[in-house]
file entry-v2.cif (mmCIF, C-alpha atoms and all ligand atoms)
data_target
loop_
_atom_site.label_atom_id
_atom_site.label_comp_id
_atom_site.auth_asym_id
_atom_site.auth_seq_id
_atom_site.Cartn_x
_atom_site.Cartn_y
_atom_site.Cartn_z
CA MET E 1 40.39 -34.24 -33.03
CA SER E 2 38.30 -35.44 -30.06
CA SER E 3 35.21 -35.65 -32.30
CA ARG E 4 37.02 -37.97 -34.70
CA MET E 5 38.28 -39.99 -31.73
CA LEU E 6 34.74 -40.38 -30.38
CA PHE E 7 33.61 -41.43 -33.85
CA ASN E 8 36.42 -43.97 -34.10
CA ALA E 9 35.53 -45.32 -30.64
CA GLY E 10 31.93 -45.82 -31.81
CA LEU E 11 30.61 -43.31 -29.26
CA VAL E 12 29.15 -40.83 -31.76
CA ASP E 13 27.76 -41.52 -35.24
CA TYR E 14 26.12 -38.83 -37.39
CA SER E 15 25.00 -37.17 -34.15
CA GLY E 16 26.63 -36.49 -30.80
CA HIS E 17 29.20 -33.87 -29.90
CA ILE E 18 31.91 -32.73 -27.52
CA SER E 19 32.53 -29.09 -26.60
CA VAL E 20 34.87 -26.94 -24.52
CA ARG E 21 34.34 -23.77 -22.53
CA ILE E 22 36.17 -20.72 -23.91
CA PRO E 23 38.08 -19.41 -20.87
CA GLY E 24 37.04 -15.99 -19.63
CA LEU E 25 33.88 -15.80 -21.75
CA ASP E 26 30.38 -17.23 -21.41
CA HIS E 27 31.01 -19.02 -24.71
CA LEU E 28 31.62 -22.57 -25.88
CA LEU E 29 33.33 -24.15 -28.88
CA ILE E 30 31.54 -27.06 -30.56
CA LEU E 31 31.39 -28.87 -33.89
CA PRO E 32 28.63 -27.70 -36.25
CA HIS E 33 25.36 -29.40 -37.09
CA PRO E 34 25.96 -30.55 -40.67
CA VAL E 35 29.60 -31.71 -40.74
CA SER E 36 30.42 -35.40 -40.32
CA ARG E 37 31.99 -36.34 -36.99
CA ALA E 38 34.42 -38.49 -38.99
CA THR E 39 35.89 -35.60 -40.97
CA VAL E 40 35.25 -32.42 -38.97
CA ALA E 41 38.26 -30.03 -39.00
CA PRO E 42 39.28 -27.14 -36.71
CA GLY E 43 38.02 -24.52 -39.20
CA ASP E 44 34.52 -26.03 -39.10
CA MET E 45 33.99 -25.38 -35.39
CA VAL E 46 31.43 -22.85 -34.18
CA VAL E 47 31.13 -20.67 -31.08
CA THR E 48 27.86 -20.08 -29.20
CA ASP E 49 26.93 -18.28 -26.03
CA PHE E 50 25.26 -19.96 -23.04
CA GLU E 51 21.83 -19.22 -24.50
CA GLY E 52 22.79 -21.35 -27.51
CA LYS E 53 23.07 -18.35 -29.86
CA LEU E 54 25.66 -18.56 -32.65
CA ILE E 55 28.51 -16.09 -32.09
CA GLU E 56 31.02 -17.27 -34.67
CA GLY E 57 31.25 -19.84 -37.44
CA LYS E 58 30.17 -20.56 -40.99
CA TYR E 59 27.69 -23.31 -40.02
CA ARG E 60 24.83 -23.54 -37.58
CA ALA E 61 25.36 -25.08 -34.14
CA PRO E 62 24.03 -28.58 -33.35
CA SER E 63 20.33 -28.52 -32.51
CA GLU E 64 21.07 -29.92 -29.03
CA VAL E 65 23.69 -27.28 -28.20
CA PHE E 66 21.43 -26.20 -25.30
CA MET E 67 22.52 -29.24 -23.33
CA HIS E 68 26.13 -28.04 -23.45
CA ALA E 69 25.34 -24.35 -22.98
CA ARG E 70 23.19 -24.83 -19.89
CA ALA E 71 25.59 -27.33 -18.30
CA TYR E 72 28.37 -24.69 -18.48
CA LYS E 73 25.96 -22.10 -17.12
CA ALA E 74 25.02 -24.33 -14.18
CA ARG E 75 28.49 -25.67 -13.37
CA SER E 76 31.40 -23.21 -13.29
CA ASP E 77 33.73 -26.13 -12.46
CA ILE E 78 33.37 -27.90 -15.82
CA GLN E 79 35.47 -27.10 -18.86
CA SER E 80 34.17 -29.71 -21.31
CA VAL E 81 30.87 -31.44 -22.09
CA ALA E 82 30.01 -34.39 -24.35
CA HIS E 83 26.62 -35.55 -25.54
CA LEU E 84 26.62 -39.10 -26.82
CA HIS E 85 24.07 -41.39 -28.39
CA ASN E 86 26.09 -44.19 -26.80
CA HIS E 87 24.46 -47.53 -27.48
CA MET E 88 24.79 -49.47 -24.23
CA VAL E 89 23.99 -46.49 -22.01
CA ALA E 90 20.89 -45.82 -24.11
CA VAL E 91 19.87 -49.49 -23.73
CA LEU E 92 20.23 -49.32 -19.91
CA SER E 93 18.22 -46.08 -19.83
CA MET E 94 15.26 -47.95 -21.34
CA VAL E 95 14.67 -50.39 -18.49
CA ASP E 96 13.17 -49.78 -15.07
CA LYS E 97 16.37 -50.81 -13.30
CA PRO E 98 19.04 -48.46 -11.94
CA PHE E 99 22.47 -48.55 -13.59
CA TYR E 100 25.30 -48.74 -11.04
CA PRO E 101 28.50 -47.91 -12.95
CA ALA E 102 30.60 -48.80 -9.88
CA SER E 103 30.33 -52.53 -10.36
CA SER E 104 33.35 -52.55 -12.69
CA ASN E 105 36.61 -50.62 -12.56
CA PRO E 106 35.82 -48.28 -15.49
CA GLY E 107 32.48 -47.52 -13.86
CA ALA E 108 34.14 -46.56 -10.57
CA PHE E 109 35.23 -43.39 -12.39
CA PHE E 110 31.69 -42.13 -11.70
CA GLY E 111 31.65 -42.86 -7.98
CA PRO E 112 29.07 -44.69 -5.88
CA GLY E 113 25.34 -44.90 -6.53
CA PRO E 114 23.19 -45.23 -9.64
CA LEU E 115 23.68 -42.84 -12.55
CA PRO E 116 20.96 -40.14 -12.60
CA LEU E 117 18.34 -40.55 -15.31
CA TYR E 118 16.66 -37.72 -17.21
CA MET E 119 13.22 -39.12 -18.02
CA ASP E 120 11.96 -36.88 -20.86
CA PRO E 121 12.88 -38.62 -24.14
CA ALA E 122 12.51 -35.47 -26.27
CA LEU E 123 15.59 -33.99 -27.94
CA ILE E 124 17.06 -31.00 -26.07
CA HIS E 125 16.13 -28.04 -28.26
CA THR E 126 15.44 -25.28 -25.70
CA ILE E 127 17.13 -23.46 -22.83
CA GLU E 128 14.50 -24.86 -20.43
CA GLN E 129 15.22 -28.44 -21.50
CA GLY E 130 18.98 -27.80 -21.16
CA ASP E 131 18.43 -26.47 -17.65
CA ALA E 132 16.37 -29.55 -16.77
CA VAL E 133 19.14 -31.90 -17.92
CA ALA E 134 21.74 -29.89 -15.95
CA LYS E 135 19.49 -30.11 -12.88
CA THR E 136 19.28 -33.90 -13.17
CA LEU E 137 23.06 -34.08 -13.62
CA GLY E 138 23.54 -32.18 -10.34
CA ASN E 139 27.16 -32.29 -9.21
CA GLY E 140 27.91 -35.57 -10.99
CA GLU E 141 29.98 -36.42 -14.06
CA ALA E 142 27.27 -38.01 -16.20
CA VAL E 143 23.53 -38.27 -16.69
CA MET E 144 21.59 -40.83 -18.74
CA LEU E 145 18.94 -39.54 -21.13
CA ARG E 146 16.08 -42.01 -21.41
CA GLY E 147 16.07 -43.85 -24.73
CA HIS E 148 18.50 -41.29 -26.09
CA GLY E 149 22.05 -41.47 -24.67
CA SER E 150 23.96 -39.45 -22.13
CA MET E 151 25.73 -36.24 -21.22
CA VAL E 152 29.21 -36.39 -19.69
CA VAL E 153 31.01 -33.41 -18.13
CA GLY E 154 34.45 -32.80 -16.66
CA GLN E 155 37.37 -30.61 -15.80
CA ALA E 156 39.13 -30.97 -19.20
CA ILE E 157 38.42 -32.42 -22.63
CA GLU E 158 40.79 -35.35 -21.98
CA TRP E 159 38.86 -36.20 -18.78
CA VAL E 160 35.52 -36.06 -20.55
CA PHE E 161 36.80 -38.23 -23.38
CA ALA E 162 38.13 -40.84 -20.92
CA ALA E 163 34.84 -40.72 -18.99
CA CYS E 164 32.90 -41.32 -22.23
CA VAL E 165 35.00 -44.42 -22.93
CA ASP E 166 34.64 -45.66 -19.35
CA LEU E 167 30.89 -45.05 -19.24
CA GLU E 168 30.13 -47.12 -22.31
CA GLU E 169 32.42 -49.93 -21.13
CA ALA E 170 30.80 -49.89 -17.68
CA ALA E 171 27.32 -49.99 -19.26
CA SER E 172 28.30 -52.88 -21.50
CA ARG E 173 29.68 -54.89 -18.56
CA PHE E 174 26.68 -54.06 -16.36
CA TYR E 175 24.29 -55.20 -19.09
CA LYS E 176 26.09 -58.51 -19.61
CA ALA E 177 26.46 -59.16 -15.87
CA SER E 178 22.74 -58.42 -15.37
CA LEU E 179 21.91 -61.20 -17.83
CA LEU E 180 23.80 -63.67 -15.66
CA GLY E 181 22.38 -62.71 -12.26
CA SER E 182 22.31 -59.96 -9.68
CA VAL E 183 25.26 -57.63 -10.12
CA ARG E 184 27.90 -57.34 -7.40
CA VAL E 185 27.89 -53.57 -7.03
CA TYR E 186 31.00 -52.15 -5.32
CA ASN E 187 30.41 -50.95 -1.77
CA ASP E 188 31.44 -47.42 -0.82
CA ASP E 189 34.89 -48.42 0.37
CA GLU E 190 35.60 -50.47 -2.79
CA THR E 191 34.29 -47.67 -4.99
CA GLN E 192 36.49 -45.08 -3.28
CA ARG E 193 39.60 -47.25 -3.55
CA VAL E 194 39.09 -48.08 -7.23
CA MET E 195 38.02 -44.53 -8.06
CA LYS E 196 41.23 -43.17 -6.51
CA GLY E 197 43.29 -45.22 -8.94
CA ARG E 198 41.05 -44.49 -11.92
CA ARG E 199 40.46 -40.78 -11.58
CA ASN E 200 43.96 -39.46 -12.11
CA ASN E 201 45.79 -37.64 -14.88
CA SER E 202 48.03 -40.52 -15.89
CA VAL E 203 45.10 -42.90 -16.52
CA VAL E 204 43.17 -40.21 -18.38
CA GLN E 205 46.23 -39.37 -20.49
CA LYS E 206 46.76 -43.06 -21.26
CA VAL E 207 43.17 -43.43 -22.52
CA TRP E 208 43.57 -40.24 -24.57
CA ASP E 209 46.96 -41.20 -26.09
CA HIS E 210 45.73 -44.69 -26.95
CA ASN E 211 42.73 -43.29 -28.79
CA VAL E 212 44.84 -40.70 -30.63
CA ALA E 213 47.06 -43.57 -31.84
CA LYS E 214 44.09 -45.78 -32.73
CA THR E 215 42.36 -42.99 -34.66
CA LYS E 216 45.58 -42.20 -36.56
CA LEU E 217 45.98 -45.88 -37.44
CA MET E 218 42.47 -45.86 -38.90
CA GLY E 219 43.50 -42.93 -41.13
CA LEU E 220 40.99 -40.58 -39.51
CA MET E 221 43.35 -37.81 -38.40
CA GLU E 222 44.12 -36.33 -41.81
CA GLY E 223 43.95 -32.54 -41.96
CA ILE E 224 44.45 -32.07 -38.22
ZN ZN O 301 20.97 -36.34 -28.75
#

call {"tool": "encode", "arguments": {"input": "entry-v2.cif", "output": "structure tokens"}}
result
Amino acid sequence: MSSRMLFNAGLVDYSGHISVRIPGLDHLLILPHPVSRATVAPGDMVVTDFEGKLIEGKYRAPSEVFMHARAYKARSDIQSVAHLHNHMVAVLSMVDKPFYPASSNPGAFFGPGPLPLYMDPALIHTIEQGDAVAKTLGNGEAVMLRGHGSMVVGQAIEWVFAACVDLEEAASRFYKASLLGSVRVYNDDETQRVMKGRRNNSVVQKVWDHNVAKTKLMGLMEGI
């Protein structure tokens, strides 16, 4: 369902994925490599371990599953991970200028300071590359991948979905504001106050419910 919602929101196309940790196991659930993000169904999903090895499923895992696997390995606090080829974030990752999400309310979700940037543009096809991305992410919620997209992590799939929506909106606003002049980045106090209002279950649920409704209206929830 969340994959179709990300597709409908324009945040994944033929690539990109969202996964969840399987509680109590060092395993994750993710959509498979070959199935369209617009039509993927629950029975298509695959399970891998944190080395990226297929445990269960009739298809192979996405080639960049290592990003997910190693993020879970590094961060016991996260329950869901998304990897997006999100357009505006990818654009901002291409310039030698830090991206401060906290210059707009959606961006305040990510807290103060510039978003970390993973510099290697190669696709993440090994455990070592996955570990390197997780290291750049640190304790944050998102990391930009240069010329590629981003990885977003969080405490639940609804939180990660809302963060994906907020990140692309923040990037789009930051890009447009940058064209007009120097951006008025929120100071620490402003960031904390806006973040307090943004990072709560009712806002996250509202974003989620709205996108469920929007995806249904587009006729993309059939079979779920
Ligand atoms: Zn990718």

call {"tool": "residues_around", "arguments": {"input": "entry-v2.cif", "residues": "region 15-25 of chain E", "least_positions_apart": "3", "cutoff": "6 Å", "atoms": "all atoms listed in the file", "output": "list in words"}}
result
Val12, Leu28, Leu29, Ile30, Gln79, Ser80, Val81, Ala82, His83 and Leu84 of chain E

call {"tool": "residues_near_ligand", "arguments": {"input": "entry-v2.cif", "ligand": "ligand ZN 301 (chain O)", "cutoff": "10 Å", "atoms": "all atoms listed in the file", "output": "PyMOL selection string"}}
result
chain E and resi 12+15-17+62-65+67+83-86+121-125+145+147-151

call {"tool": "atom_distance", "arguments": {"input": "entry-v2.cif", "atom1": "CA of Lys206 (chain E)", "atom2": "CA of Pro106 (chain E)"}}
result
13.4 Å

call {"tool": "atom_distance", "arguments": {"input": "entry-v2.cif", "atom1": "CA of Met88 (chain E)", "atom2": "CA of Arg37 (chain E)"}}
result
19.7 Å

call {"tool": "atom_distance", "arguments": {"input": "entry-v2.cif", "atom1": "CA of Ser36 (chain E)", "atom2": "CA of Ala74 (chain E)"}}
result
28.9 Å

call {"tool": "closest_residue", "arguments": {"input": "entry-v2.cif", "among": "E:Gly181, E:Gly138, E:Pro98, E:Thr126", "to": "Lys53 (chain E)", "atoms": "only C-alpha atoms"}}
result
E:Thr126

call {"tool": "closest_residue", "arguments": {"input": "entry-v2.cif", "among": "E:Val204, E:Val46, E:Met195, E:Leu179", "to": "Trp159 (chain E)", "atoms": "all atoms listed in the file"}}
result
E:Val204

call {"tool": "closest_residue", "arguments": {"input": "entry-v2.cif", "among": "E:Gly197, E:Pro42, E:Gly154, E:Pro112", "to": "Tyr100 (chain E)", "atoms": "only C-alpha atoms"}}
result
E:Pro112

call {"tool": "closest_residue", "arguments": {"input": "entry-v2.cif", "among": "E:Asp166, E:Asp26, E:Glu158, E:Asp77", "to": "Met1 (chain E)", "atoms": "only C-alpha atoms"}}
result
E:Glu158

call {"tool": "closest_residue", "arguments": {"input": "entry-v2.cif", "among": "E:Ser202, E:Ile157, E:Asp96, E:Ala170", "to": "Ser3 (chain E)", "atoms": "only C-alpha atoms"}}
result
E:Ile157

call {"tool": "residues_around", "arguments": {"input": "entry-v2.cif", "residues": "Val133 (chain E)", "least_positions_apart": "4", "cutoff": "10 Å", "atoms": "all atoms listed in the file", "output": "list in words"}}
result
Phe66, Met67, His68, Arg70, Ala71, Pro116, Leu117, Tyr118, Met119, Asp120, Ile124, Ile127, Glu128, Gln129, Leu137, Gly138, Val143, Met144, Leu145, Ser150 and Met151 of chain E

call {"tool": "closest_residue", "arguments": {"input": "entry-v2.cif", "among": "E:Arg75, E:Ser2, E:Lys176, E:Val165", "to": "Asn139 (chain E)", "atoms": "all atoms listed in the file"}}
result
E:Arg75

call {"tool": "residues_around", "arguments": {"input": "entry-v2.cif", "residues": "Leu167 (chain E)", "least_positions_apart": "3", "cutoff": "10 Å", "atoms": "only C-alpha atoms", "output": "PDB file with C-alpha atoms, keeping the file's coordinate frame"}}
result
ATOM      1  CA  ASN E  86      26.090 -44.190 -26.800  1.00  0.00           C
ATOM      2  CA  MET E  88      24.790 -49.470 -24.230  1.00  0.00           C
ATOM      3  CA  VAL E  89      23.990 -46.490 -22.010  1.00  0.00           C
ATOM      4  CA  PRO E 101      28.500 -47.910 -12.950  1.00  0.00           C
ATOM      5  CA  PRO E 106      35.820 -48.280 -15.490  1.00  0.00           C
ATOM      6  CA  GLY E 107      32.480 -47.520 -13.860  1.00  0.00           C
ATOM      7  CA  ALA E 108      34.140 -46.560 -10.570  1.00  0.00           C
ATOM      8  CA  PHE E 109      35.230 -43.390 -12.390  1.00  0.00           C
ATOM      9  CA  PHE E 110      31.690 -42.130 -11.700  1.00  0.00           C
ATOM     10  CA  ALA E 142      27.270 -38.010 -16.200  1.00  0.00           C
ATOM     11  CA  SER E 150      23.960 -39.450 -22.130  1.00  0.00           C
ATOM     12  CA  VAL E 152      29.210 -36.390 -19.690  1.00  0.00           C
ATOM     13  CA  PHE E 161      36.800 -38.230 -23.380  1.00  0.00           C
ATOM     14  CA  ALA E 162      38.130 -40.840 -20.920  1.00  0.00           C
ATOM     15  CA  ALA E 163      34.840 -40.720 -18.990  1.00  0.00           C
ATOM     16  CA  CYS E 164      32.900 -41.320 -22.230  1.00  0.00           C
ATOM     17  CA  ALA E 170      30.800 -49.890 -17.680  1.00  0.00           C
ATOM     18  CA  ALA E 171      27.320 -49.990 -19.260  1.00  0.00           C
ATOM     19  CA  SER E 172      28.300 -52.880 -21.500  1.00  0.00           C
ATOM     20  CA  ARG E 173      29.680 -54.890 -18.560  1.00  0.00           C
TER      21      ARG E 173
END

call {"tool": "residues_around", "arguments": {"input": "entry-v2.cif", "residues": "region 54-56 of chain E", "least_positions_apart": "6", "cutoff": "9 Å", "atoms": "only C-alpha atoms", "output": "PDB file with C-alpha atoms, in the frame of the given file"}}
result
ATOM      1  CA  HIS E  27      31.010 -19.020 -24.710  1.00  0.00           C
ATOM      2  CA  MET E  45      33.990 -25.380 -35.390  1.00  0.00           C
ATOM      3  CA  VAL E  46      31.430 -22.850 -34.180  1.00  0.00           C
ATOM      4  CA  VAL E  47      31.130 -20.670 -31.080  1.00  0.00           C
ATOM      5  CA  THR E  48      27.860 -20.080 -29.200  1.00  0.00           C
TER       6      THR E  48
END
